[in-house]
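K.L.:
Next up, start.tsv (TSV, C-alpha atoms and all ligand atoms).
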chain	number	residue	atom	x	y	z
A	897	MET	CA	95.11	76.55	105.09
A	898	SER	CA	91.86	78.46	104.51
A	899	LEU	CA	91.15	82.07	105.54
A	900	GLY	CA	87.81	83.35	106.80
A	901	GLU	CA	86.52	86.44	108.62
A	902	CYS	CA	88.68	89.47	109.36
A	903	LEU	CA	89.32	89.58	113.12
A	904	GLY	CA	90.66	93.11	113.11
A	905	SER	CA	93.18	95.45	111.63
A	906	GLY	CA	95.47	98.09	113.00
A	907	GLY	CA	98.46	100.10	111.93
A	908	VAL	CA	100.28	97.26	110.19
A	909	GLY	CA	97.99	94.74	108.58
A	910	ALA	CA	94.81	92.76	108.78
A	911	VAL	CA	94.31	89.65	110.91
A	912	TYR	CA	92.06	86.87	109.59
A	913	LYS	CA	90.65	83.79	111.22
A	914	GLY	CA	91.80	80.65	109.43
A	915	MET	CA	91.77	76.89	109.72
A	916	ARG	CA	94.92	74.83	109.69
A	917	GLY	CA	93.70	71.29	109.46
A	918	GLN	CA	91.19	71.06	112.30
A	919	ALA	CA	92.71	73.86	114.37
A	920	PRO	CA	91.58	77.50	114.25
A	921	VAL	CA	94.44	79.98	113.73
A	922	ALA	CA	94.81	83.75	113.32
A	923	VAL	CA	96.79	84.93	110.30
A	924	LYS	CA	98.28	88.43	110.12
A	925	ILE	CA	98.92	89.57	106.56
A	926	LEU	CA	101.06	92.47	105.46
A	927	PRO	CA	99.15	94.52	102.86
A	928	GLN	CA	100.61	94.58	99.34
A	929	HIS	CA	101.23	98.34	99.44
A	930	SER	CA	103.54	97.88	102.46
A	931	LEU	CA	105.85	95.64	100.43
A	932	ASP	CA	107.40	98.72	98.80
A	933	GLN	CA	108.05	100.29	102.18
A	934	GLU	CA	111.26	98.75	103.46
A	935	GLU	CA	110.64	99.79	107.06
A	936	GLN	CA	107.14	98.21	107.20
A	937	LEU	CA	108.40	94.95	105.75
A	938	ALA	CA	111.38	94.88	108.12
A	939	ARG	CA	109.08	95.53	111.11
A	940	PHE	CA	106.74	92.76	110.05
A	941	GLN	CA	109.59	90.26	109.74
A	942	ARG	CA	111.03	91.40	113.02
A	943	GLU	CA	107.66	90.97	114.75
A	944	ALA	CA	107.43	87.40	113.43
A	945	GLU	CA	110.98	86.39	114.34
A	946	LEU	CA	111.14	87.92	117.82
A	947	LEU	CA	107.60	86.93	118.83
A	948	ALA	CA	108.25	83.36	117.70
A	949	GLY	CA	110.97	83.15	120.35
A	950	ILE	CA	108.61	83.95	123.25
A	951	LYS	CA	106.72	81.06	124.79
A	952	HIS	CA	104.42	82.23	127.56
A	953	SER	CA	100.75	81.71	128.34
A	954	ASN	CA	100.12	85.48	128.37
A	955	ILE	CA	101.80	86.17	125.03
A	956	ILE	CA	100.18	85.13	121.77
A	957	GLN	CA	102.04	82.22	120.25
A	958	VAL	CA	103.46	82.26	116.73
A	959	LEU	CA	103.01	78.96	114.92
A	960	ASP	CA	104.61	79.82	111.60
A	961	PHE	CA	105.68	82.77	109.47
A	962	GLY	CA	107.09	83.45	106.03
A	963	HIS	CA	105.96	84.52	102.57
A	964	ASP	CA	104.27	82.78	99.70
A	965	CYS	CA	103.68	84.23	96.21
A	966	GLY	CA	104.70	87.66	97.56
A	967	VAL	CA	102.29	87.53	100.52
A	968	HIS	CA	103.98	87.95	103.90
A	969	PHE	CA	102.15	86.28	106.78
A	970	ILE	CA	102.36	85.35	110.46
A	971	VAL	CA	100.30	82.37	111.64
A	972	MET	CA	99.37	82.62	115.33
A	973	GLU	CA	97.27	80.66	117.75
A	974	TYR	CA	93.67	81.87	117.51
A	975	PHE	CA	92.52	83.44	120.76
A	976	PRO	CA	88.76	83.72	121.22
A	977	GLY	CA	88.97	86.82	123.44
A	978	GLU	CA	88.04	90.41	122.69
A	979	ASN	CA	90.52	93.25	122.55
A	980	LEU	CA	90.33	95.51	125.60
A	981	SER	CA	89.83	98.61	123.54
A	982	GLY	CA	86.51	97.30	122.17
A	983	MET	CA	85.48	96.03	125.59
A	984	LEU	CA	86.21	99.36	127.28
A	985	MET	CA	84.34	101.27	124.60
A	986	ARG	CA	81.28	99.14	125.24
A	987	GLU	CA	81.46	98.76	129.02
A	988	HIS	CA	83.38	101.98	129.89
A	989	ARG	CA	84.86	100.42	133.04
A	990	LEU	CA	85.74	96.95	134.29
A	991	SER	CA	85.46	95.72	137.86
A	992	CYS	CA	88.46	96.10	140.18
A	993	PHE	CA	88.81	92.33	140.36
A	994	GLU	CA	88.95	91.92	136.57
A	995	SER	CA	91.25	94.91	136.19
A	996	ILE	CA	93.76	93.61	138.73
A	997	GLU	CA	93.76	90.19	137.08
A	998	ILE	CA	94.27	91.68	133.59
A	999	ILE	CA	97.12	93.90	134.79
A	1000	ARG	CA	98.70	90.91	136.59
A	1001	GLN	CA	98.62	88.73	133.49
A	1002	VAL	CA	99.93	91.50	131.23
A	1003	ALA	CA	102.78	92.03	133.72
A	1004	MET	CA	103.60	88.28	133.65
A	1005	GLY	CA	103.73	88.38	129.85
A	1006	MET	CA	105.93	91.48	129.91
A	1007	GLU	CA	108.24	89.87	132.45
A	1008	ALA	CA	108.79	86.92	130.09
A	1009	THR	CA	109.37	89.36	127.21
A	1010	HIS	CA	111.85	91.44	129.20
A	1011	ASN	CA	113.67	88.32	130.39
A	1012	LEU	CA	114.51	87.70	126.73
A	1013	GLY	CA	115.83	91.26	126.46
A	1014	LEU	CA	112.86	92.46	124.40
A	1015	ILE	CA	110.70	95.57	124.81
A	1016	HIS	CA	107.13	95.55	123.40
A	1017	ARG	CA	106.87	99.37	123.04
A	1018	ASP	CA	103.20	99.39	122.00
A	1019	LEU	CA	101.30	98.20	125.05
A	1020	LYS	CA	97.75	99.57	124.86
A	1021	PRO	CA	94.17	98.23	125.17
A	1022	SER	CA	93.84	97.30	121.47
A	1023	ASN	CA	96.92	95.07	121.80
A	1024	ILE	CA	95.58	93.12	124.77
A	1025	LEU	CA	93.07	90.29	124.24
A	1026	TYR	CA	90.88	89.15	127.11
A	1027	ASP	CA	88.72	86.04	127.22
A	1028	ARG	CA	86.20	86.63	129.98
A	1029	LYS	CA	84.91	83.05	129.88
A	1030	ASN	CA	88.17	81.59	131.20
A	1031	GLY	CA	89.77	84.80	132.53
A	1032	LEU	CA	92.82	84.50	130.27
A	1033	VAL	CA	94.75	87.46	128.86
A	1034	LYS	CA	97.14	87.53	125.87
A	1035	VAL	CA	99.36	90.38	124.72
A	1036	ILE	CA	99.52	90.70	120.92
A	1037	ASP	CA	101.06	92.96	118.27
A	1038	PHE	CA	104.82	92.97	118.58
A	1039	GLY	CA	105.15	95.20	115.50
A	1040	LEU	CA	107.26	97.75	117.40
A	1041	VAL	CA	109.26	95.23	119.46
A	1042	ARG	CA	112.95	95.94	119.93
A	1043	LYS	CA	115.88	94.35	121.62
A	1044	ALA	CA	116.60	96.37	124.75
A	1045	GLU	CA	120.30	96.64	123.92
A	1046	GLU	CA	119.45	98.36	120.61
A	1047	ASP	CA	117.06	100.84	122.12
A	1048	HIS	CA	119.06	103.47	123.98
A	1049	ALA	CA	115.94	105.61	124.42
A	1050	ILE	CA	114.47	103.18	126.95
A	1051	THR	CA	117.24	103.93	129.40
A	1052	GLN	CA	116.39	107.61	129.34
A	1053	GLU	CA	114.23	109.12	132.07
A	1054	GLY	CA	111.76	110.73	129.65
A	1055	TYR	CA	110.96	107.39	128.06
A	1056	ILE	CA	110.21	105.73	131.42
A	1057	VAL	CA	107.93	108.59	132.43
A	1058	GLY	CA	106.20	108.34	129.02
A	1059	VAL	CA	105.56	104.63	129.49
A	1060	LEU	CA	104.34	105.26	133.03
A	1061	ILE	CA	101.84	107.83	131.75
A	1062	ILE	CA	100.58	105.49	128.99
A	1063	CYS	CA	100.17	102.61	131.49
A	1064	LEU	CA	98.39	104.85	133.95
A	1065	ARG	CA	96.06	106.18	131.29
A	1066	SER	CA	95.14	102.63	130.27
A	1067	SER	CA	94.69	101.42	133.82
A	1068	ALA	CA	92.67	104.52	134.73
A	1069	ARG	CA	90.23	103.51	132.01
A	1070	LEU	CA	90.12	100.02	133.50
A	1071	CYS	CA	89.57	101.24	137.02
A	1072	PRO	CA	90.59	104.57	138.59
A	1073	TRP	CA	91.05	102.95	142.00
A	1074	ILE	CA	93.76	100.70	140.58
A	1075	ALA	CA	95.41	103.52	138.66
A	1076	ALA	CA	95.74	105.47	141.91
A	1077	ARG	CA	97.41	102.51	143.62
A	1078	ILE	CA	99.73	101.78	140.68
A	1079	PHE	CA	100.76	105.42	140.82
A	1080	ILE	CA	101.52	105.17	144.54
A	1081	ILE	CA	103.43	101.86	144.20
A	1082	TRP	CA	105.39	102.92	141.10
A	1083	GLY	CA	105.87	106.37	142.53
A	1084	SER	CA	107.41	105.01	145.73
A	1085	ARG	CA	109.69	102.74	143.65
A	1086	PHE	CA	110.88	105.72	141.61
A	1087	ILE	CA	111.52	107.77	144.74
A	1088	LYS	CA	113.57	104.87	146.21
A	1101	LIG	N1	95.78	85.72	117.63
A	1101	LIG	C1	94.64	86.43	117.56
A	1101	LIG	N2	93.45	85.86	117.88
A	1101	LIG	C2	92.30	86.58	117.77
A	1101	LIG	N3	92.23	87.87	117.37
A	1101	LIG	C3	93.39	88.50	117.05
A	1101	LIG	C4	94.65	87.82	117.11
A	1101	LIG	N4	95.63	88.67	116.74
A	1101	LIG	C5	95.01	89.84	116.45
A	1101	LIG	N5	93.67	89.75	116.61
A	1101	LIG	C6	92.68	90.84	116.36
A	1101	LIG	O1	93.18	91.66	115.31
A	1101	LIG	C7	93.38	93.01	115.79
A	1101	LIG	C8	94.61	93.61	115.12
A	1101	LIG	O2	95.77	92.83	115.47
A	1101	LIG	P1	97.19	93.50	115.68
A	1101	LIG	O3	98.20	92.40	115.80
A	1101	LIG	O4	97.11	94.46	116.83
A	1101	LIG	O5	97.39	94.28	114.31
A	1101	LIG	P2	98.10	95.69	114.01
A	1101	LIG	O6	99.58	95.44	114.08
A	1101	LIG	O7	97.67	96.01	112.62
A	1101	LIG	O8	97.64	96.66	115.06
A	1101	LIG	C9	93.48	92.89	117.31
A	1101	LIG	O9	93.09	94.06	117.99
A	1101	LIG	C10	92.54	91.73	117.60
A	1101	LIG	O10	91.20	92.17	117.71
A	1102	MG	MG	97.60	96.50	117.16
With the file now loaded, output its structure as structure tokens.
P.N.:
Amino acid sequence: MSLGECLGSGGVGAVYKGMRGQAPVAVKILPQHSLDQEEQLARFQREAELLAGIKHSNIIQVLDFGHDCGVHFIVMEYFPGENLSGMLMREHRLSCFESIEIIRQVAMGMEATHNLGLIHRDLKPSNILYDRKNGLVKVIDFGLVRKAEEDHAITQEGYIVGVLIICLRSSARLCPWIAARIFIIWGSRFIK
């Protein structure tokens, strides 16, 4: 496998475009300095193992993971989309139609995740890839994923409200009209 350009980096590691035979792949690599930090290494391994178990068209697919000569890596399908954070910075706002479709696909991906008893816990624009050419959305970055049964905090009211606020903030940046409606729909669900 050969590695090429850096596709992006965030809190955990850098993601490079690579070729595996004839197929393009994305390879996430844990930086050397994180190897000494037990928690970072454990999170990286957890991301690989739990994400590998999810097979859904709106969740990035893991093809392989492991370590070689001390380098820890996750090989994923390469997705030619752009992350929403970059897109929003450039375009400031997306159309209502695109926003609804993105939110719908993210929700489908989250449903599949939750059906396996997993919680993403880091859903934000930089962890959502969108390919405008074919209208497909993929959720990435499961670095903070947890099994629901292990995470008692998610059953607490404060946590739900926190997630609601984060989702609303993100969707407000996509389209304020949608954010208002999500608030009404979610709000009425909470009142029920
Ligand atoms: N499978 C992929 N295909 C294409 N680009 C990707 C892929 N995975 C990640 N990227 C790019 O790399 C960036 C960082 O990836 P991410 O998994 O969020 O890393 P971190 O855990 O460090 O935040 C993303 O915002 C995205 O631009
Ligand atoms: Mg990220």
K.L.:
Taking all atoms listed in the file into account, report as a PyMOL selection string which residues have an atom no farther than 6 Å from an atom of ligand LIG 1101 (chain A).
P.N.:
chain A and resi 903-911+922+972-976+979+1022-1023+1036-1037+1039
K.L.:
So, with only C-alpha atoms as the atoms that count, which of A:Pro927, A:Ile970, A:Ser981, A:Leu1032 lies closest to Leu946 (chain A)?
P.N.:
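Checking each candidate against Leu946 (chain A), we get A:Ile970 as the closest.
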K.L.:
Please report the interatomic distance between CA of Val1033 (chain A) and CA of Val958 (chain A) in Å with one decimal.
P.N.:
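Computing the Euclidean distance for CA of Val1033 (chain A) and CA of Val958 (chain A) yields 15.8 Å.
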K.L.:
I'd like the interatomic distance between CA of Ile1015 (chain A) and CA of Lys1043 (chain A), to a tenth of an Å.
P.N.:
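According to the coordinates, CA of Ile1015 (chain A) and CA of Lys1043 (chain A) are separated by 6.2 Å.
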K.L.:
Please, what distance in Å, to one decimal, runs between CA of Gly914 (chain A) and CA of Gln936 (chain A)?
P.N.:
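CA of Gly914 (chain A) sits 23.4 Å away from CA of Gln936 (chain A).
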K.L.:
Counting all atoms listed in the file, what is within 10 Å of Gly966 (chain A), bar same-chain residues fewer than 3 positions away, as a ChimeraX atom specification?
P.N.:
/A:926,928,931,962-963,969
K.L.:
For Phe940 (chain A), which residue out of A:Val967, A:Ile996, A:Ile956, A:Met1006 is the nearest one, using all atoms listed in the file?
P.N.:
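Going through A:Val967, A:Ile996, A:Ile956, A:Met1006 one by one, the smallest distance to Phe940 (chain A) is for A:Val967.
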K.L.:
Excluding Leu899 (chain A) and any residue of its chain fewer than 4 positions from it, enumerate the residues within 8 Å of it, using all atoms listed in the file, and give them as an MDAnalysis selection string.
P.N.:
chainID A and resid 912:915 923
K.L.:
With distances taken over only C-alpha atoms and all ligand atoms, which residue among A:Arg942, A:Lys924, A:Lys951, A:Arg1042 lies nearest ligand MG 1102 (chain A)?
P.N.:
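Counting only C-alpha atoms and all ligand atoms, the residue closest to ligand MG 1102 (chain A) is A:Lys924.
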K.L.:
Find the residue from A:Glu1046, A:Glu943, A:Glu935, A:Glu994 that sits nearest to ligand MG 1102 (chain A); use only C-alpha atoms and all ligand atoms when measuring.
P.N.:
A:Glu943
K.L.:
Between A:Leu980, A:Glu1045, A:Gln918, A:Glu987, which is the closest to Leu1019 (chain A) once you count all atoms listed in the file?
P.N.:
A:Leu980
K.L.:
List as a ChimeraX atom specification the protein and nucleic acid residues near Met1004 (chain A), meaning an atom at most 10 Å away when only C-alpha atoms are counted, but skip any in the same chain fewer than 6 places from it.
P.N.:
/A:952-955,998,1010
K.L.:
Using all atoms of region 1000-1013 of chain A that appear in the file, construct an axis-aligned enclosing box with 4 Å of padding on every side and provide its centre coordinates and edge lengths in Å, rounded to one decimal, as JSON.
P.N.:
{"center_x": 107.2, "center_y": 89.5, "center_z": 131.5, "size_x": 25.2, "size_y": 13.1, "size_z": 18.1}
K.L.:
Identify the residues around (104.9, 81.2, 116.9) within a radius of 7 Å, measuring from all atoms listed in the file in the coordinates stated by the file, and give them as a ChimeraX atom specification.
P.N.:
/A:947-948,957-960,972
K.L.:
Output region 930-958 of chain A with N, CA and C atoms present, as a PDB file, in the frame of the given file.
P.N.:
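That gives us part08.pdb:
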ATOM      1  N   SER A 930     102.442  97.739 101.502  1.00  0.00           N
ATOM      2  CA  SER A 930     103.540  97.880 102.460  1.00  0.00           C
ATOM      3  C   SER A 930     104.820  97.207 101.971  1.00  0.00           C
ATOM      4  N   LEU A 931     104.681  96.363 100.926  1.00  0.00           N
ATOM      5  CA  LEU A 931     105.850  95.640 100.430  1.00  0.00           C
ATOM      6  C   LEU A 931     106.912  96.590  99.890  1.00  0.00           C
ATOM      7  N   ASP A 932     106.457  97.745  99.350  1.00  0.00           N
ATOM      8  CA  ASP A 932     107.400  98.720  98.800  1.00  0.00           C
ATOM      9  C   ASP A 932     108.090  99.512  99.896  1.00  0.00           C
ATOM     10  N   GLN A 933     107.481  99.487 101.106  1.00  0.00           N
ATOM     11  CA  GLN A 933     108.050 100.290 102.180  1.00  0.00           C
ATOM     12  C   GLN A 933     108.970  99.403 103.025  1.00  0.00           C
ATOM     13  N   GLU A 934     110.256  99.616 102.819  1.00  0.00           N
ATOM     14  CA  GLU A 934     111.260  98.750 103.460  1.00  0.00           C
ATOM     15  C   GLU A 934     111.056  98.623 104.973  1.00  0.00           C
ATOM     16  N   GLU A 935     110.758  99.786 105.600  1.00  0.00           N
ATOM     17  CA  GLU A 935     110.640  99.790 107.060  1.00  0.00           C
ATOM     18  C   GLU A 935     109.475  98.914 107.537  1.00  0.00           C
ATOM     19  N   GLN A 936     108.323  98.999 106.831  1.00  0.00           N
ATOM     20  CA  GLN A 936     107.140  98.210 107.200  1.00  0.00           C
ATOM     21  C   GLN A 936     107.424  96.716 107.086  1.00  0.00           C
ATOM     22  N   LEU A 937     108.081  96.355 105.993  1.00  0.00           N
ATOM     23  CA  LEU A 937     108.400  94.950 105.750  1.00  0.00           C
ATOM     24  C   LEU A 937     109.380  94.441 106.826  1.00  0.00           C
ATOM     25  N   ALA A 938     110.382  95.265 107.112  1.00  0.00           N
ATOM     26  CA  ALA A 938     111.380  94.880 108.120  1.00  0.00           C
ATOM     27  C   ALA A 938     110.717  94.699 109.484  1.00  0.00           C
ATOM     28  N   ARG A 939     109.787  95.608 109.834  1.00  0.00           N
ATOM     29  CA  ARG A 939     109.080  95.530 111.110  1.00  0.00           C
ATOM     30  C   ARG A 939     108.253  94.263 111.208  1.00  0.00           C
ATOM     31  N   PHE A 940     107.599  93.946 110.088  1.00  0.00           N
ATOM     32  CA  PHE A 940     106.740  92.760 110.050  1.00  0.00           C
ATOM     33  C   PHE A 940     107.580  91.500 110.272  1.00  0.00           C
ATOM     34  N   GLN A 941     108.722  91.440 109.596  1.00  0.00           N
ATOM     35  CA  GLN A 941     109.590  90.260 109.740  1.00  0.00           C
ATOM     36  C   GLN A 941     110.168  90.168 111.140  1.00  0.00           C
ATOM     37  N   ARG A 942     110.481  91.337 111.674  1.00  0.00           N
ATOM     38  CA  ARG A 942     111.030  91.400 113.020  1.00  0.00           C
ATOM     39  C   ARG A 942     109.999  90.925 114.042  1.00  0.00           C
ATOM     40  N   GLU A 943     108.743  91.391 113.863  1.00  0.00           N
ATOM     41  CA  GLU A 943     107.660  90.970 114.750  1.00  0.00           C
ATOM     42  C   GLU A 943     107.565  89.439 114.764  1.00  0.00           C
ATOM     43  N   ALA A 944     107.580  88.853 113.552  1.00  0.00           N
ATOM     44  CA  ALA A 944     107.430  87.400 113.430  1.00  0.00           C
ATOM     45  C   ALA A 944     108.588  86.680 114.124  1.00  0.00           C
ATOM     46  N   GLU A 945     109.805  87.093 113.817  1.00  0.00           N
ATOM     47  CA  GLU A 945     110.980  86.390 114.340  1.00  0.00           C
ATOM     48  C   GLU A 945     111.099  86.501 115.861  1.00  0.00           C
ATOM     49  N   LEU A 946     110.942  87.732 116.377  1.00  0.00           N
ATOM     50  CA  LEU A 946     111.140  87.920 117.820  1.00  0.00           C
ATOM     51  C   LEU A 946     109.984  87.321 118.617  1.00  0.00           C
ATOM     52  N   LEU A 947     108.750  87.485 118.114  1.00  0.00           N
ATOM     53  CA  LEU A 947     107.600  86.930 118.830  1.00  0.00           C
ATOM     54  C   LEU A 947     107.649  85.411 118.843  1.00  0.00           C
ATOM     55  N   ALA A 948     108.164  84.826 117.772  1.00  0.00           N
ATOM     56  CA  ALA A 948     108.250  83.360 117.700  1.00  0.00           C
ATOM     57  C   ALA A 948     109.146  82.791 118.803  1.00  0.00           C
ATOM     58  N   GLY A 949     110.042  83.618 119.325  1.00  0.00           N
ATOM     59  CA  GLY A 949     110.970  83.150 120.350  1.00  0.00           C
ATOM     60  C   GLY A 949     110.383  83.218 121.761  1.00  0.00           C
ATOM     61  N   ILE A 950     109.191  83.811 121.908  1.00  0.00           N
ATOM     62  CA  ILE A 950     108.610  83.950 123.250  1.00  0.00           C
ATOM     63  C   ILE A 950     107.551  82.873 123.452  1.00  0.00           C
ATOM     64  N   LYS A 951     107.729  82.083 124.480  1.00  0.00           N
ATOM     65  CA  LYS A 951     106.720  81.060 124.790  1.00  0.00           C
ATOM     66  C   LYS A 951     106.198  81.340 126.198  1.00  0.00           C
ATOM     67  N   HIS A 952     105.015  81.914 126.251  1.00  0.00           N
ATOM     68  CA  HIS A 952     104.420  82.230 127.560  1.00  0.00           C
ATOM     69  C   HIS A 952     102.915  82.259 127.414  1.00  0.00           C
ATOM     70  N   SER A 953     102.213  81.820 128.441  1.00  0.00           N
ATOM     71  CA  SER A 953     100.750  81.710 128.340  1.00  0.00           C
ATOM     72  C   SER A 953     100.055  83.063 128.201  1.00  0.00           C
ATOM     73  N   ASN A 954     100.744  84.168 128.528  1.00  0.00           N
ATOM     74  CA  ASN A 954     100.120  85.480 128.370  1.00  0.00           C
ATOM     75  C   ASN A 954     100.612  86.246 127.140  1.00  0.00           C
ATOM     76  N   ILE A 955     101.349  85.557 126.291  1.00  0.00           N
ATOM     77  CA  ILE A 955     101.800  86.170 125.030  1.00  0.00           C
ATOM     78  C   ILE A 955     101.292  85.291 123.897  1.00  0.00           C
ATOM     79  N   ILE A 956     100.724  85.915 122.882  1.00  0.00           N
ATOM     80  CA  ILE A 956     100.180  85.130 121.770  1.00  0.00           C
ATOM     81  C   ILE A 956     101.307  84.325 121.118  1.00  0.00           C
ATOM     82  N   GLN A 957     100.979  83.096 120.769  1.00  0.00           N
ATOM     83  CA  GLN A 957     102.040  82.220 120.250  1.00  0.00           C
ATOM     84  C   GLN A 957     102.075  82.215 118.727  1.00  0.00           C
ATOM     85  N   VAL A 958     103.284  82.361 118.191  1.00  0.00           N
ATOM     86  CA  VAL A 958     103.460  82.260 116.730  1.00  0.00           C
ATOM     87  C   VAL A 958     103.639  80.794 116.367  1.00  0.00           C
TER      88      VAL A 958
END
